[in-house]
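Worksheet: the structure to be examined is printed underneath.
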Amino acid sequence: MVRSLVTKPKRVVVARAESGEDILEAIEKAAVDNGIRTGQFSAIGALSKATLGFFNRETASYQETTIDNDLEIVSCTGSVSTFEGGTTVHAHIAVADAHGVCYGGHVRKGCKVSVTFEIIFIEMEREIRRKRDRATGLNLMDI
């Protein structure tokens, strides 16, 4: 069953992380510093290292892959919501190496900015919370 919630855009916030910063931490910090409790974002930039996750349903855990090379961010998108009162970021990313080979998955800690990471947030009027899903063990949107 598909569930939905209707809300409106509240404001747009633009942020940029610099060389050496972890992008997952940068997204969360920019959201918290700007009071964004619920929203979506997209981002572009370049990384010196990426750590990507793939959720394995059989083990109910993330398998991580690290690419330790310069990479262009082809696409990075995700959501900001709340879980147990705190801000949480759910982000996916596609990156390409110098040969155009692409890698993708969940953004995990360890994705380091090489040159820049430019984020555009669209904050939503209504707050969306996450709650633990018993079947998967994941924190899913409670809508």
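Chain labels follow the order of the structure tokens: the first chain is A, the next B, and so on; residue numbering restarts at 1 in every chain, and ligands are counted from 1 in their shown order.
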**Asked** What lies within 10 Å of Glu21 of chain A using only C-alpha atoms, ignoring chain neighbours under 5 positions off, as a VMD selection string?
**Response** chain A and resid 26 47 110 to 117
**Request:** Pull the strand (DSSP E) assignments for chain A out of DSSP run on the backbone, and list those residues as an MDAnalysis selection string.
**Result:** chainID A and resid 9:18 39:56 61:67 71:83 86:96 102:107 112:124 129:132 139:141
**Request:** Excluding Ile120 of chain A and any residue of its chain fewer than 4 positions from it, enumerate the residues within 10 Å of it, using only C-alpha atoms, and give them as a VMD selection string.
**Result:** chain A and resid 12 to 16 27 40 to 44 77
Export of the given selection (N, CA and C atoms) as a compact mmCIF listing (two decimals), in the first residue's frame:
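Output saved as result_10.txt:
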# COMPACT_ATOMS: atom_id res chain seq x y z
N VAL A 12 14.32 27.60 0.37
CA VAL A 12 15.46 26.95 -0.27
C VAL A 12 16.72 27.42 0.46
N VAL A 13 17.59 26.47 0.78
CA VAL A 13 18.86 26.79 1.44
C VAL A 13 19.98 26.20 0.58
N VAL A 14 21.00 27.00 0.33
CA VAL A 14 22.16 26.57 -0.45
C VAL A 14 23.37 26.52 0.48
N ALA A 15 24.12 25.42 0.39
CA ALA A 15 25.30 25.24 1.25
C ALA A 15 26.44 24.65 0.43
N ARG A 16 27.66 24.80 0.95
CA ARG A 16 28.83 24.24 0.26
C ARG A 16 29.81 23.71 1.28
N ILE A 27 26.12 17.47 5.11
CA ILE A 27 24.68 17.59 4.85
C ILE A 27 23.94 17.77 6.17
N GLN A 40 14.21 17.93 1.22
CA GLN A 40 14.93 17.11 0.25
C GLN A 40 16.13 17.93 -0.21
N PHE A 41 17.11 17.24 -0.78
CA PHE A 41 18.28 17.96 -1.27
C PHE A 41 18.83 17.25 -2.49
N SER A 42 19.58 18.02 -3.25
CA SER A 42 20.39 17.46 -4.33
C SER A 42 21.76 18.13 -4.23
N ALA A 43 22.77 17.44 -4.73
CA ALA A 43 24.12 17.97 -4.60
C ALA A 43 25.01 17.48 -5.74
N ILE A 44 26.03 18.27 -6.03
CA ILE A 44 27.06 17.90 -7.00
C ILE A 44 28.42 18.28 -6.42
N THR A 77 21.34 12.71 -4.04
CA THR A 77 20.01 13.18 -3.66
C THR A 77 19.57 12.48 -2.39
**Message:** Could you list, as a PyMOL selection string, every residue within 12 Å of Thr51 of chain A, counting only C-alpha atoms and ignoring same-chain residues fewer than 2 positions away?
**Reply:** chain A and resi 22-24+47-49+53-54+62-69+71+92-95+103-113
Output file for the residues above (C-alpha atoms, as a compact mmCIF listing (two decimals), in the first residue's frame):
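The resulting file, part-v8.txt, is reproduced below:
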# COMPACT_ATOMS: atom_id res chain seq x y z
CA ASP A 22 32.82 14.31 5.01
CA ILE A 23 29.70 14.87 2.88
CA LEU A 24 27.27 13.00 5.15
CA LEU A 47 35.29 13.42 -3.96
CA SER A 48 38.75 12.09 -3.19
CA LYS A 49 37.21 8.97 -1.63
CA GLY A 53 26.49 1.17 1.15
CA PHE A 54 24.21 -1.53 -0.19
CA TYR A 62 24.79 -2.59 4.95
CA GLN A 63 27.66 -3.91 2.88
CA GLU A 64 30.19 -1.13 2.36
CA THR A 65 32.41 -0.50 -0.65
CA THR A 66 35.17 2.10 -0.62
CA ILE A 67 36.56 3.71 -3.77
CA ASP A 68 39.82 5.47 -2.92
CA ASN A 69 40.23 7.61 -6.07
CA LEU A 71 35.54 10.87 -8.37
CA HIS A 92 22.06 8.09 -2.27
CA ILE A 93 24.92 8.91 -4.61
CA ALA A 94 26.27 8.02 -8.03
CA VAL A 95 29.93 8.79 -8.70
CA TYR A 103 29.44 3.41 -8.71
CA GLY A 104 26.39 4.06 -6.59
CA GLY A 105 24.67 3.37 -3.33
CA HIS A 106 23.82 4.84 0.07
CA VAL A 107 26.11 7.62 1.23
CA ARG A 108 28.10 6.33 4.20
CA LYS A 109 30.61 8.14 6.41
CA GLY A 110 33.93 8.32 4.63
CA CYS A 111 32.94 10.23 1.47
CA LYS A 112 35.55 13.01 1.42
CA VAL A 113 35.27 16.22 -0.62
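For Thr88 of chain A, the set of protein, DNA and RNA residues having any atom at most 12 Å away, when counting only C-alpha atoms and skipping those fewer than 3 positions along the same chain, is Leu24, Glu25, Ile27, Glu28, Lys29, Ala30, Ala31, Val32, Ile36, Arg37, Thr38, Gly39, Gln40, Gly78, Ser79, Val80, Ser81, Thr82, Phe83, Glu84, Gly85, Ala91, Ile128, Arg129, Arg130, Lys131, Asn139, Leu140 and Met141 of chain A.
Taking only C-alpha atoms into account, Ile119 of chain A lies nearest to A:Ser75 out of the set A:Thr7, A:Ser19, A:Asn56, A:Ser75.
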**Item:** Residue among A:Arg132, A:Lys8, A:Glu127, A:Val2 lying closest to Thr87 of chain A, counting only C-alpha atoms
**Value:**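 Selected residue with least distance to Thr87 of chain A: A:Glu127.
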**Request:** Return the single residue from A:Ala60, A:Ala96, A:Leu5, A:Ala17 that is closest to Ala135 of chain A, with distances computed using only C-alpha atoms.
**Result:**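 For Ala135 of chain A, the nearest of the given residues is A:Ala60.
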**Asked** What is the distance, in Å and to one decimal place, between atom CA of Val74 of chain A and atom CA of Val101 of chain A?
**Response**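 These two atoms are separated by 10.8 Å.
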**Message:** Just list as number ranges by chain whatever in chain A DSSP marks as alpha helix (DSSP H).
**Reply:** A: 23-33
